[in-house]
file entry11.pdb (PDB, C-alpha atoms, pLDDT in the B column)
ATOM      1  CA  MET I1100       0.000   0.000   0.000  1.00 44.00           C
ATOM      2  CA  SER I1101       1.422   3.357  -0.966  1.00 46.00           C
ATOM      3  CA  HIS I1102       1.932   6.274   1.400  1.00 48.00           C
ATOM      4  CA  HIS I1103      -0.810   8.228  -0.388  1.00 50.00           C
ATOM      5  CA  SER I1104      -3.426   5.474  -0.126  1.00 54.00           C
ATOM      6  CA  ILE I1105      -2.777   5.274   3.621  1.00 55.00           C
ATOM      7  CA  SER I1106      -3.316   9.030   3.886  1.00 65.00           C
ATOM      8  CA  PHE I1107      -6.562   8.891   1.902  1.00 63.00           C
ATOM      9  CA  ALA I1108      -7.889   6.076   4.098  1.00 68.00           C
ATOM     10  CA  ALA I1109      -6.882   7.898   7.268  1.00 68.00           C
ATOM     11  CA  ILE I1110      -8.535  11.118   6.111  1.00 65.00           C
ATOM     12  CA  ALA I1111     -11.759   9.260   5.354  1.00 69.00           C
ATOM     13  CA  ASP I1112     -11.671   7.554   8.760  1.00 69.00           C
ATOM     14  CA  TYR I1113     -11.019  10.787  10.650  1.00 61.00           C
ATOM     15  CA  THR I1114     -13.663  12.644   8.648  1.00 64.00           C
ATOM     16  CA  GLN I1115     -16.242  10.011   9.556  1.00 66.00           C
ATOM     17  CA  GLU I1116     -15.115  10.078  13.182  1.00 63.00           C
ATOM     18  CA  SER I1117     -15.404  13.871  13.319  1.00 56.00           C
ATOM     19  CA  LYS I1118     -19.047  13.553  12.219  1.00 55.00           C
ATOM     20  CA  ASN I1119     -19.760  10.948  14.886  1.00 52.00           C
ATOM     21  CA  ALA I1120     -17.881  12.701  17.689  1.00 51.00           C
ATOM     22  CA  GLU I1121     -18.683  16.329  16.993  1.00 54.00           C
ATOM     23  CA  TYR I1122     -16.153  18.799  18.323  1.00 59.00           C
ATOM     24  CA  TYR I1123     -13.569  16.196  19.275  1.00 81.00           C
ATOM     25  CA  PRO I1124     -10.257  18.024  18.837  1.00 87.00           C
ATOM     26  CA  ARG I1125      -7.977  14.957  18.688  1.00 88.00           C
ATOM     27  CA  THR I1126      -9.848  13.757  15.598  1.00 88.00           C
ATOM     28  CA  TYR I1127      -9.210  17.061  13.839  1.00 91.00           C
ATOM     29  CA  TYR I1128      -5.562  16.936  14.913  1.00 94.00           C
ATOM     30  CA  GLN I1129      -5.065  13.417  13.543  1.00 92.00           C
ATOM     31  CA  ARG I1130      -6.800  14.311  10.294  1.00 92.00           C
ATOM     32  CA  GLY I1131      -4.596  17.392  10.046  1.00 95.00           C
ATOM     33  CA  LEU I1132      -1.542  15.151  10.286  1.00 95.00           C
ATOM     34  CA  ALA I1133      -2.980  12.943   7.533  1.00 93.00           C
ATOM     35  CA  TYR I1134      -3.462  16.015   5.335  1.00 95.00           C
ATOM     36  CA  VAL I1135       0.160  16.982   5.998  1.00 95.00           C
ATOM     37  CA  ALA I1136       1.257  13.508   4.863  1.00 93.00           C
ATOM     38  CA  LYS I1137      -0.891  13.890   1.742  1.00 93.00           C
ATOM     39  CA  GLY I1138       0.598  17.307   1.027  1.00 94.00           C
ATOM     40  CA  ASP I1139      -2.676  19.213   1.438  1.00 94.00           C
ATOM     41  CA  GLN I1140      -1.427  22.060   3.583  1.00 95.00           C
ATOM     42  CA  GLN I1141      -4.570  24.200   3.380  1.00 96.00           C
ATOM     43  CA  LYS I1142      -6.822  21.476   4.775  1.00 95.00           C
ATOM     44  CA  ALA I1143      -4.221  20.632   7.413  1.00 96.00           C
ATOM     45  CA  ILE I1144      -4.156  24.272   8.509  1.00 96.00           C
ATOM     46  CA  GLN I1145      -7.962  24.309   8.752  1.00 96.00           C
ATOM     47  CA  ASP I1146      -7.967  21.222  10.964  1.00 95.00           C
ATOM     48  CA  PHE I1147      -5.195  22.496  13.244  1.00 96.00           C
ATOM     49  CA  GLU I1148      -7.016  25.826  13.566  1.00 95.00           C
ATOM     50  CA  LYS I1149     -10.179  23.899  14.523  1.00 92.00           C
ATOM     51  CA  VAL I1150      -8.223  22.090  17.261  1.00 91.00           C
ATOM     52  CA  ILE I1151      -7.066  25.423  18.674  1.00 92.00           C
ATOM     53  CA  GLN I1152     -10.565  26.862  18.488  1.00 88.00           C
ATOM     54  CA  LEU I1153     -12.101  23.885  20.290  1.00 85.00           C
ATOM     55  CA  THR I1154      -9.452  23.666  22.985  1.00 84.00           C
ATOM     56  CA  GLN I1155      -9.714  27.345  23.912  1.00 81.00           C
ATOM     57  CA  GLU I1156     -13.175  26.881  25.408  1.00 68.00           C
ATOM     58  CA  PRO I1157     -12.933  26.451  29.204  1.00 67.00           C
ATOM     59  CA  ASP I1158     -16.322  24.715  29.225  1.00 65.00           C
ATOM     60  CA  PHE I1159     -15.170  22.137  26.705  1.00 59.00           C
ATOM     61  CA  PRO I1160     -14.916  18.616  28.179  1.00 61.00           C
ATOM     62  CA  ARG I1161     -11.375  17.767  29.325  1.00 60.00           C
ATOM     63  CA  TYR I1162     -10.282  21.372  28.828  1.00 58.00           C
ATOM     64  CA  THR I1163      -7.148  20.927  30.932  1.00 62.00           C
ATOM     65  CA  THR I1164      -5.971  17.743  29.195  1.00 66.00           C
ATOM     66  CA  ASN I1165      -6.559  19.330  25.797  1.00 78.00           C
ATOM     67  CA  GLN I1166      -4.030  22.081  26.420  1.00 82.00           C
ATOM     68  CA  GLY I1167      -1.176  19.808  25.321  1.00 88.00           C
ATOM     69  CA  LEU I1168      -3.060  19.013  22.128  1.00 91.00           C
ATOM     70  CA  GLN I1169      -3.596  22.727  21.551  1.00 93.00           C
ATOM     71  CA  GLN I1170       0.141  23.317  21.838  1.00 95.00           C
ATOM     72  CA  GLN I1171       0.869  20.520  19.362  1.00 96.00           C
ATOM     73  CA  ALA I1172      -1.608  22.028  16.891  1.00 97.00           C
ATOM     74  CA  LYS I1173       0.032  25.445  17.265  1.00 97.00           C
ATOM     75  CA  GLU I1174       3.435  23.887  16.564  1.00 97.00           C
ATOM     76  CA  GLN I1175       2.091  22.153  13.443  1.00 97.00           C
ATOM     77  CA  LEU I1176       0.590  25.427  12.225  1.00 97.00           C
ATOM     78  CA  GLN I1177       3.871  27.217  12.778  1.00 96.00           C
ATOM     79  CA  LYS I1178       5.713  24.579  10.748  1.00 95.00           C
ATOM     80  CA  LEU I1179       3.162  24.695   7.947  1.00 95.00           C
ATOM     81  CA  ARG I1180       3.175  28.461   7.738  1.00 92.00           C
ATOM     82  CA  SER I1181       6.960  28.683   7.813  1.00 93.00           C
ATOM     83  CA  GLY I1182       7.301  26.059   5.104  1.00 84.00           C
ATOM     84  CA  VAL I1183       9.178  23.573   7.303  1.00 70.00           C
ATOM     85  CA  LEU I1184       6.845  20.667   6.495  1.00 58.00           C
TER      86      LEU I1184
END

call {"tool": "encode", "arguments": {"input": "entry11.pdb", "output": "structure tokens"}}
result
Amino acid sequence: MSHHSISFAAIADYTQESKNAEYYPRTYYQRGLAYVAKGDQQKAIQDFEKVIQLTQEPDFPRYTTNQGLQQQAKEQLQKLRSGVL
């Protein structure tokens, strides 16, 4: 199986999961990573921005544990925007 077919399958899985578990930031983060692997930077940026948006809400479930995920998403965005990835 090629690298690209793995990315396409992962994106489909994470997209379905995001519909089933609305507002689950880890799903958006994982899909963002799959978009990075596919080379689709714009969609990756959108997903990482969604992670940051969701994890900024203090009323969001597991707010405290999501702060690490928020930091990871910020780091991914910084890499994407600086052209490191």

call {"tool": "resolve_selection", "arguments": {"input": "entry11.pdb", "expression": "the PyMOL selection byres ((chain I and resi 1170) around 12)", "output": "MDAnalysis selection string"}}
result
chainID I and resid 1128 1147:1148 1150:1152 1154:1155 1163:1169 1171:1177

call {"tool": "atom_distance", "arguments": {"input": "entry11.pdb", "atom1": "CA of Gly1182 (chain I)", "atom2": "CA of Arg1125 (chain I)"}}
result
23.3 Å

call {"tool": "closest_residue", "arguments": {"input": "entry11.pdb", "among": "I:Lys1178, I:Val1183, I:Tyr1134, I:Tyr1127", "to": "Lys1149 (chain I)", "atoms": "only C-alpha atoms"}}
result
I:Tyr1127

call {"tool": "axis_aligned_box", "arguments": {"input": "entry11.pdb", "around": "region 1163-1177 of chain I", "padding_each_side": "6 Å", "output": "JSON"}}
result
{"center_x": -1.6, "center_y": 22.5, "center_z": 21.6, "size_x": 23.0, "size_y": 21.5, "size_z": 30.7}

call {"tool": "atom_distance", "arguments": {"input": "entry11.pdb", "atom1": "CA of Ser1181 (chain I)", "atom2": "CA of Val1135 (chain I)"}}
result
13.7 Å
